[in-house]
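One file, start-v2.cif, carrying mmCIF, C-alpha atoms:
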```cif
data_upload
#
loop_
_atom_site.group_PDB
_atom_site.id
_atom_site.type_symbol
_atom_site.label_atom_id
_atom_site.label_comp_id
_atom_site.auth_asym_id
_atom_site.auth_seq_id
_atom_site.Cartn_x
_atom_site.Cartn_y
_atom_site.Cartn_z
ATOM 1 C CA MET X 17 -7.902 -24.190 28.372
ATOM 2 C CA ASN X 18 -4.122 -23.894 28.221
ATOM 3 C CA ARG X 19 -2.763 -21.990 31.254
ATOM 4 C CA ASN X 20 0.929 -21.814 30.446
ATOM 5 C CA THR X 21 2.618 -19.059 32.389
ATOM 6 C CA TYR X 22 5.779 -17.372 31.278
ATOM 7 C CA SER X 23 7.924 -14.874 33.066
ATOM 8 C CA ARG X 24 9.186 -11.821 31.204
ATOM 9 C CA ARG X 25 12.662 -13.363 31.326
ATOM 10 C CA ASP X 26 11.409 -16.615 29.741
ATOM 11 C CA ILE X 27 9.762 -14.710 26.912
ATOM 12 C CA LEU X 28 12.889 -12.700 26.141
ATOM 13 C CA LYS X 29 15.079 -15.810 26.296
ATOM 14 C CA SER X 30 12.880 -17.845 23.984
ATOM 15 C CA GLY X 31 12.101 -15.074 21.505
ATOM 16 C CA VAL X 32 8.407 -15.946 21.350
ATOM 17 C CA VAL X 33 5.277 -14.697 23.053
ATOM 18 C CA ALA X 34 2.631 -17.254 23.938
ATOM 19 C CA ALA X 35 -0.819 -15.950 23.137
ATOM 20 C CA ALA X 36 -3.855 -17.006 25.147
ATOM 21 C CA THR X 37 -4.770 -19.438 22.377
ATOM 22 C CA GLY X 38 -1.440 -21.216 22.605
ATOM 23 C CA PHE X 39 -0.051 -19.878 19.317
ATOM 24 C CA ALA X 40 3.490 -18.539 19.337
ATOM 25 C CA LEU X 41 4.225 -15.117 17.860
ATOM 26 C CA PRO X 42 7.717 -13.745 17.135
ATOM 27 C CA THR X 43 8.971 -11.068 19.509
ATOM 28 C CA MET X 44 10.382 -7.916 17.956
ATOM 29 C CA ILE X 45 12.829 -5.877 20.023
ATOM 30 C CA PRO X 46 13.945 -2.679 18.276
ATOM 31 C CA ALA X 47 17.680 -2.091 17.903
ATOM 32 C CA PRO X 48 17.670 1.176 19.918
ATOM 33 C CA ALA X 49 16.102 -0.720 22.836
ATOM 34 C CA GLN X 50 19.115 -3.010 22.777
ATOM 35 C CA GLY X 51 21.545 -0.083 22.680
ATOM 36 C CA ALA X 52 22.578 -0.727 19.076
ATOM 37 C CA ASP X 53 23.551 1.925 16.516
ATOM 38 C CA GLN X 54 25.196 4.138 19.151
ATOM 39 C CA ALA X 55 21.736 5.301 20.306
ATOM 40 C CA ALA X 56 20.923 5.698 23.974
ATOM 41 C CA PRO X 57 18.394 3.083 25.074
ATOM 42 C CA PRO X 58 14.860 4.366 25.739
ATOM 43 C CA SER X 59 15.347 3.633 29.423
ATOM 44 C CA GLU X 60 17.598 6.689 29.538
ATOM 45 C CA ARG X 61 15.365 9.138 27.614
ATOM 46 C CA VAL X 62 11.990 9.423 25.907
ATOM 47 C CA ARG X 63 11.649 11.451 22.699
ATOM 48 C CA LEU X 64 8.164 12.958 22.488
ATOM 49 C CA GLY X 65 5.982 14.263 19.717
ATOM 50 C CA HIS X 66 3.028 16.534 20.488
ATOM 51 C CA ILE X 67 -0.169 16.558 18.443
ATOM 52 C CA GLY X 68 -2.309 19.562 19.312
ATOM 53 C CA VAL X 69 -0.509 22.400 21.094
ATOM 54 C CA GLY X 70 -3.388 24.676 22.024
ATOM 55 C CA GLY X 71 -4.206 25.420 25.664
ATOM 56 C CA ARG X 72 -4.133 21.894 27.079
ATOM 57 C CA GLY X 73 -1.494 20.629 24.636
ATOM 58 C CA SER X 74 0.963 23.426 25.393
ATOM 59 C CA PHE X 75 0.429 22.880 29.136
ATOM 60 C CA LEU X 76 1.220 19.171 28.749
ATOM 61 C CA MET X 77 4.281 20.015 26.648
ATOM 62 C CA ARG X 78 5.617 22.353 29.364
ATOM 63 C CA GLN X 79 4.989 19.691 32.009
ATOM 64 C CA ALA X 80 6.905 17.120 29.947
ATOM 65 C CA GLN X 81 9.842 19.527 29.639
ATOM 66 C CA GLY X 82 10.125 19.547 33.437
ATOM 67 C CA ASN X 83 11.177 15.893 33.346
ATOM 68 C CA PRO X 84 14.914 15.438 32.679
ATOM 69 C CA GLY X 85 14.330 12.085 30.945
ATOM 70 C CA VAL X 86 12.050 13.617 28.307
ATOM 71 C CA GLN X 87 12.992 15.391 25.098
ATOM 72 C CA SER X 88 10.255 16.936 22.928
ATOM 73 C CA VAL X 89 11.329 16.833 19.280
ATOM 74 C CA ALA X 90 8.254 17.595 17.153
ATOM 75 C CA VAL X 91 4.830 19.224 17.196
ATOM 76 C CA ALA X 92 1.811 19.037 14.913
ATOM 77 C CA ASP X 93 -1.082 21.470 14.921
ATOM 78 C CA CYS X 94 -3.475 22.763 12.287
ATOM 79 C CA PHE X 95 -2.837 26.387 13.334
ATOM 80 C CA LYS X 96 0.458 27.674 11.934
ATOM 81 C CA ASP X 97 1.148 30.219 14.703
ATOM 82 C CA ARG X 98 0.673 27.596 17.441
ATOM 83 C CA ARG X 99 2.833 24.948 15.824
ATOM 84 C CA GLU X 100 5.631 27.384 14.948
ATOM 85 C CA ALA X 101 5.681 28.865 18.465
ATOM 86 C CA ALA X 102 5.701 25.420 20.097
ATOM 87 C CA ALA X 103 8.393 24.103 17.743
ATOM 88 C CA GLY X 104 10.527 27.141 18.498
ATOM 89 C CA ALA X 105 10.103 26.633 22.241
ATOM 90 C CA ILE X 106 11.400 23.058 22.070
ATOM 91 C CA LYS X 107 13.827 23.651 19.179
ATOM 92 C CA GLY X 108 12.001 20.924 17.283
ATOM 93 C CA THR X 109 10.199 20.368 14.007
ATOM 94 C CA ALA X 110 6.714 21.695 13.206
ATOM 95 C CA TYR X 111 4.233 19.713 11.094
ATOM 96 C CA ALA X 112 0.898 20.814 9.661
ATOM 97 C CA ASP X 113 -0.041 17.157 9.082
ATOM 98 C CA PHE X 114 0.122 14.945 12.192
ATOM 99 C CA ARG X 115 0.725 11.853 10.026
ATOM 100 C CA LYS X 116 4.189 13.134 9.121
ATOM 101 C CA LEU X 117 4.991 13.371 12.833
ATOM 102 C CA LEU X 118 3.763 9.798 13.338
ATOM 103 C CA ASP X 119 5.949 8.588 10.443
ATOM 104 C CA ARG X 120 9.132 9.593 12.274
ATOM 105 C CA GLN X 121 11.064 6.578 13.541
ATOM 106 C CA ASP X 122 12.944 8.489 16.252
ATOM 107 C CA ILE X 123 9.857 9.404 18.316
ATOM 108 C CA ASP X 124 9.159 7.077 21.241
ATOM 109 C CA ALA X 125 5.804 8.471 22.418
ATOM 110 C CA VAL X 126 3.166 10.997 21.398
ATOM 111 C CA ILE X 127 1.004 13.249 23.543
ATOM 112 C CA ILE X 128 -2.288 13.929 21.787
ATOM 113 C CA ALA X 129 -4.312 16.908 23.013
ATOM 114 C CA THR X 130 -6.916 17.543 20.344
ATOM 115 C CA PRO X 131 -10.517 18.800 20.501
ATOM 116 C CA ASP X 132 -13.405 16.329 20.682
ATOM 117 C CA HIS X 133 -14.221 16.459 16.968
ATOM 118 C CA TRP X 134 -10.699 15.170 16.132
ATOM 119 C CA HIS X 135 -10.958 12.110 18.391
ATOM 120 C CA VAL X 136 -12.414 9.829 15.723
#
```

Translate this structure into structure tokens?
Amino acid sequence: MNRNTYSRRDILKSGVVAAATGFALPTMIPAPAQGADQAAPPSERVRLGHIGVGGRGSFLMRQAQGNPGVQSVAVADCFKDRREAAAGAIKGTAYADFRKLLDRQDIDAVIIATPDHWHV
């Protein structure tokens, strides 16, 4: 068994990640993470999307807003009144279809608060 150990610095310098099997895979570092394109690096802010903004989802959204490094930008919910109210509260975009929210390239993380039957 190959027990090569690499530090995070070695991996970033070499541009490859060594898998447990010994194969090398290319490392992809997005341009915004490098501070390119005049965008603030993710280390300075996290842009959130929220899927499911009912009771628990709206609570989690309010909690996220209390963090100065977080910016909520989009919500998705199957109930129009919920999604419109939540989008208005964050001055973001409302989506009826969560897949459109997931397609956005500017969202760094998603909080999913859906009922059990949506988990699959």

Around the point (2.2, 22.1, 11.7) (coordinates from the file), which residues reach within 10 Å if we count all atoms listed in the file? Answer as an NGL selection string. :X and (67-69 or 90-100 or 102-103 or 109-114 or 116-117)

Measuring between all atoms listed in the file, which one of X:Arg78, X:Arg120, X:Arg72, X:His66 shows the shortest distance to X:Ala105? X:Arg78

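When all atoms listed in the file are used to compute distances to X:Gly108, the closest of the residues X:Gln81, X:Thr130, X:Ser88, X:Thr21 turns out to be X:Ser88.
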
Could you give me, as a ChimeraX atom specification, the residues within 9 Å of X:Val86, counting only C-alpha atoms and dropping anything in the same chain fewer than 5 positions from it? /X:60-64,80-81

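Compared by their closest atoms to X:Asp122, and using all atoms listed in the file, the residues X:Gln87, X:Gln79, X:Gly104, X:Ser74 rank with X:Gln87 nearest.
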
From the set X:Ile106, X:Gly70, X:Val89, X:Ser23, which residue has the shortest atom-to-atom contact distance to X:Asp124, counting only C-alpha atoms?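 Residue with the minimum atom-to-atom distance to X:Asp124: X:Val89.
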